[in-house]
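I have placed the structure first, in the form of structure tokens, so that the comments after it can refer back to it.
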Amino acid sequence: MADAISLLYRLVSCATDELNSAHIDDANIPEATRNADGFDRHFISKEATKMLRSMLQDIVPTERITTSFKTYLLEVAIRSHSKLQGNRELLDVASSLRTVVIRGAYVLRRHLIESSFGVSFTVRTTG
């Protein structure tokens, strides 16, 4: 289990490294690439937010992972969002991460309530 936790810490570290290095110098990107249809200079950073989202959604409900690691994962996402929010050029990445943080916080809170009180939530849809 310790190896699995180490791997999870490494995955979180890789994702946050990509988020924190989201600023791209245009000089490092060939002009043809920059001008290509659909080019997104923040593609890798946005994919890193998706990875964090997936980790939050998959890890939080798991009983085998400690609450402290789950909390750590959410804290990392919140800290990364705060850093990105301060850079106007990275607002699209911050927006993507904000969604991850909100969903992650909801899932973690729901999990903690369910495990503490033995209750289960159901999602209702209208329409």
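As shown in the structure tokens, the chain order sets the letters A, B, ...; within each chain, residues go from 1, and ligands are also counted from 1 in the order they appear.
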Which residues come within 12 Å of range 111-118 of chain A, counting only C-alpha atoms, excluding same-chain residues fewer than 2 positions away, as an mmCIF file with N, CA and C atoms, in the first residue's frame?
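Printed below is result-v4.cif as written:
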```
data_model
loop_
_atom_site.group_PDB
_atom_site.id
_atom_site.type_symbol
_atom_site.label_atom_id
_atom_site.label_comp_id
_atom_site.auth_asym_id
_atom_site.auth_seq_id
_atom_site.Cartn_x
_atom_site.Cartn_y
_atom_site.Cartn_z
ATOM 1 N N LEU A 56 -9.413 13.099 -7.825
ATOM 2 C CA LEU A 56 -10.358 13.441 -6.761
ATOM 3 C C LEU A 56 -11.595 12.553 -6.835
ATOM 4 N N GLN A 57 -12.138 12.378 -8.025
ATOM 5 C CA GLN A 57 -13.359 11.586 -8.173
ATOM 6 C C GLN A 57 -13.137 10.114 -7.848
ATOM 7 N N ASP A 58 -11.951 9.600 -8.176
ATOM 8 C CA ASP A 58 -11.686 8.175 -7.962
ATOM 9 C C ASP A 58 -11.135 7.863 -6.578
ATOM 10 N N ILE A 59 -10.364 8.794 -6.015
ATOM 11 C CA ILE A 59 -9.692 8.529 -4.746
ATOM 12 C C ILE A 59 -10.587 8.817 -3.551
ATOM 13 N N VAL A 60 -11.332 9.906 -3.607
ATOM 14 C CA VAL A 60 -12.113 10.307 -2.433
ATOM 15 C C VAL A 60 -13.079 9.218 -1.966
ATOM 16 N N PRO A 61 -13.823 8.558 -2.839
ATOM 17 C CA PRO A 61 -14.753 7.532 -2.347
ATOM 18 C C PRO A 61 -14.068 6.241 -1.859
ATOM 19 N N THR A 62 -12.790 6.076 -2.153
ATOM 20 C CA THR A 62 -12.085 4.851 -1.799
ATOM 21 C C THR A 62 -11.795 4.793 -0.309
ATOM 22 N N GLU A 63 -12.178 3.715 0.310
ATOM 23 C CA GLU A 63 -11.958 3.539 1.743
ATOM 24 C C GLU A 63 -10.496 3.227 2.067
ATOM 25 N N THR A 66 -6.323 7.169 2.967
ATOM 26 C CA THR A 66 -6.574 7.919 4.192
ATOM 27 C C THR A 66 -7.245 9.265 3.903
ATOM 28 N N THR A 67 -7.982 9.740 4.879
ATOM 29 C CA THR A 67 -8.621 11.049 4.775
ATOM 30 C C THR A 67 -7.563 12.137 4.659
ATOM 31 N N SER A 68 -6.423 11.954 5.302
ATOM 32 C CA SER A 68 -5.370 12.971 5.225
ATOM 33 C C SER A 68 -4.843 13.110 3.795
ATOM 34 N N LYS A 70 -6.585 12.429 1.057
ATOM 35 C CA LYS A 70 -7.688 13.037 0.311
ATOM 36 C C LYS A 70 -7.716 14.549 0.542
ATOM 37 N N THR A 71 -7.517 14.953 1.784
ATOM 38 C CA THR A 71 -7.483 16.375 2.122
ATOM 39 C C THR A 71 -6.281 17.045 1.471
ATOM 40 N N GLY A 104 -14.328 18.511 -6.342
ATOM 41 C CA GLY A 104 -13.549 17.745 -5.371
ATOM 42 C C GLY A 104 -13.980 18.019 -3.944
ATOM 43 N N ALA A 105 -14.225 19.286 -3.639
ATOM 44 C CA ALA A 105 -14.669 19.648 -2.292
ATOM 45 C C ALA A 105 -16.024 19.014 -1.998
ATOM 46 N N TYR A 106 -16.907 19.036 -2.981
ATOM 47 C CA TYR A 106 -18.230 18.434 -2.799
ATOM 48 C C TYR A 106 -18.108 16.928 -2.551
ATOM 49 N N VAL A 107 -17.309 16.261 -3.377
ATOM 50 C CA VAL A 107 -17.166 14.812 -3.250
ATOM 51 C C VAL A 107 -16.521 14.453 -1.911
ATOM 52 N N LEU A 108 -15.491 15.214 -1.506
ATOM 53 C CA LEU A 108 -14.828 14.927 -0.227
ATOM 54 C C LEU A 108 -15.778 15.160 0.941
ATOM 55 N N ARG A 109 -16.496 16.263 0.926
ATOM 56 C CA ARG A 109 -17.439 16.562 2.013
ATOM 57 C C ARG A 109 -18.515 15.474 2.096
ATOM 58 N N SER A 120 -26.228 7.778 3.234
ATOM 59 C CA SER A 120 -25.906 7.791 1.811
ATOM 60 C C SER A 120 -26.727 8.864 1.120
ATOM 61 N N PHE A 121 -26.083 9.597 0.254
ATOM 62 C CA PHE A 121 -26.768 10.648 -0.510
ATOM 63 C C PHE A 121 -27.160 10.105 -1.878
ATOM 64 N N THR A 122 -28.307 10.534 -2.338
ATOM 65 C CA THR A 122 -28.714 10.244 -3.702
ATOM 66 C C THR A 122 -28.851 11.560 -4.441
#
```
Rounded to one decimal in Å, what is the spacing between CA of Val100 in chain A and CA of Ile44 in chain A?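 Separation between CA of Val100 in chain A and CA of Ile44 in chain A: 15.5 Å.
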Write out as a Markdown table the residues of range 21-58 of chain A that have any atom within 12 Å of an atom of range 76-84 of chain A, one row each with the nearest atom pair and its distance in Å to one decimal, counting only C-alpha atoms, sorted by chain and then rising number.
```
| residue | atom | partner | partner_atom | distance |
| --- | --- | --- | --- | --- |
| A:Ser21 | CA | A:Leu84 | CA | 9.8 |
| A:Ala22 | CA | A:Leu84 | CA | 8.4 |
| A:His23 | CA | A:Leu84 | CA | 9.6 |
| A:His42 | CA | A:Leu84 | CA | 11.9 |
| A:Ser45 | CA | A:Leu84 | CA | 10.6 |
| A:Lys46 | CA | A:Leu84 | CA | 11.7 |
| A:Ala48 | CA | A:Ala77 | CA | 10.5 |
| A:Thr49 | CA | A:Ala77 | CA | 8.5 |
| A:Lys50 | CA | A:Ala77 | CA | 11.2 |
| A:Met51 | CA | A:Ala77 | CA | 10.9 |
| A:Leu52 | CA | A:Ala77 | CA | 7.4 |
| A:Arg53 | CA | A:Ala77 | CA | 9.0 |
| A:Met55 | CA | A:Ala77 | CA | 10.8 |
| A:Leu56 | CA | A:Ala77 | CA | 9.5 |
```
Deliver the residues from the most recent selection as a file, using N, CA and C atoms, as a JSON list (two decimals), in the first residue's frame.
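Final file, result-v4.json:
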```json
[["chain", "number", "residue", "atom", "x", "y", "z"],
["A", 21, "SER", "N", 3.71, 25.47, -14.11],
["A", 21, "SER", "CA", 4.57, 25.93, -15.21],
["A", 21, "SER", "C", 3.71, 26.22, -16.44],
["A", 22, "ALA", "N", 2.51, 26.69, -16.21],
["A", 22, "ALA", "CA", 1.56, 26.90, -17.30],
["A", 22, "ALA", "C", 1.95, 28.04, -18.22],
["A", 23, "HIS", "N", 2.78, 28.97, -17.75],
["A", 23, "HIS", "CA", 3.17, 30.09, -18.59],
["A", 23, "HIS", "C", 4.09, 29.58, -19.70],
["A", 42, "HIS", "N", -2.28, 26.27, -23.61],
["A", 42, "HIS", "CA", -2.46, 25.76, -22.25],
["A", 42, "HIS", "C", -3.02, 24.33, -22.23],
["A", 45, "SER", "N", -1.62, 22.08, -19.42],
["A", 45, "SER", "CA", -2.10, 22.50, -18.09],
["A", 45, "SER", "C", -3.56, 22.12, -17.89],
["A", 46, "LYS", "N", -4.36, 22.27, -18.93],
["A", 46, "LYS", "CA", -5.77, 21.88, -18.80],
["A", 46, "LYS", "C", -5.91, 20.38, -18.63],
["A", 48, "ALA", "N", -3.74, 18.56, -17.12],
["A", 48, "ALA", "CA", -3.33, 18.32, -15.74],
["A", 48, "ALA", "C", -4.51, 18.55, -14.79],
["A", 49, "THR", "N", -5.35, 19.55, -15.09],
["A", 49, "THR", "CA", -6.54, 19.76, -14.25],
["A", 49, "THR", "C", -7.49, 18.58, -14.37],
["A", 50, "LYS", "N", -7.60, 18.02, -15.56],
["A", 50, "LYS", "CA", -8.46, 16.84, -15.74],
["A", 50, "LYS", "C", -7.93, 15.66, -14.93],
["A", 51, "MET", "N", -6.60, 15.54, -14.89],
["A", 51, "MET", "CA", -6.01, 14.46, -14.11],
["A", 51, "MET", "C", -6.31, 14.63, -12.63],
["A", 52, "LEU", "N", -6.19, 15.85, -12.13],
["A", 52, "LEU", "CA", -6.53, 16.11, -10.73],
["A", 52, "LEU", "C", -8.00, 15.81, -10.46],
["A", 53, "ARG", "N", -8.86, 16.20, -11.40],
["A", 53, "ARG", "CA", -10.29, 15.93, -11.24],
["A", 53, "ARG", "C", -10.54, 14.42, -11.16],
["A", 55, "MET", "N", -8.46, 12.12, -10.27],
["A", 55, "MET", "CA", -7.93, 11.60, -9.02],
["A", 55, "MET", "C", -8.89, 11.88, -7.87],
["A", 56, "LEU", "N", -9.41, 13.10, -7.82],
["A", 56, "LEU", "CA", -10.36, 13.44, -6.76],
["A", 56, "LEU", "C", -11.59, 12.55, -6.83]]
```
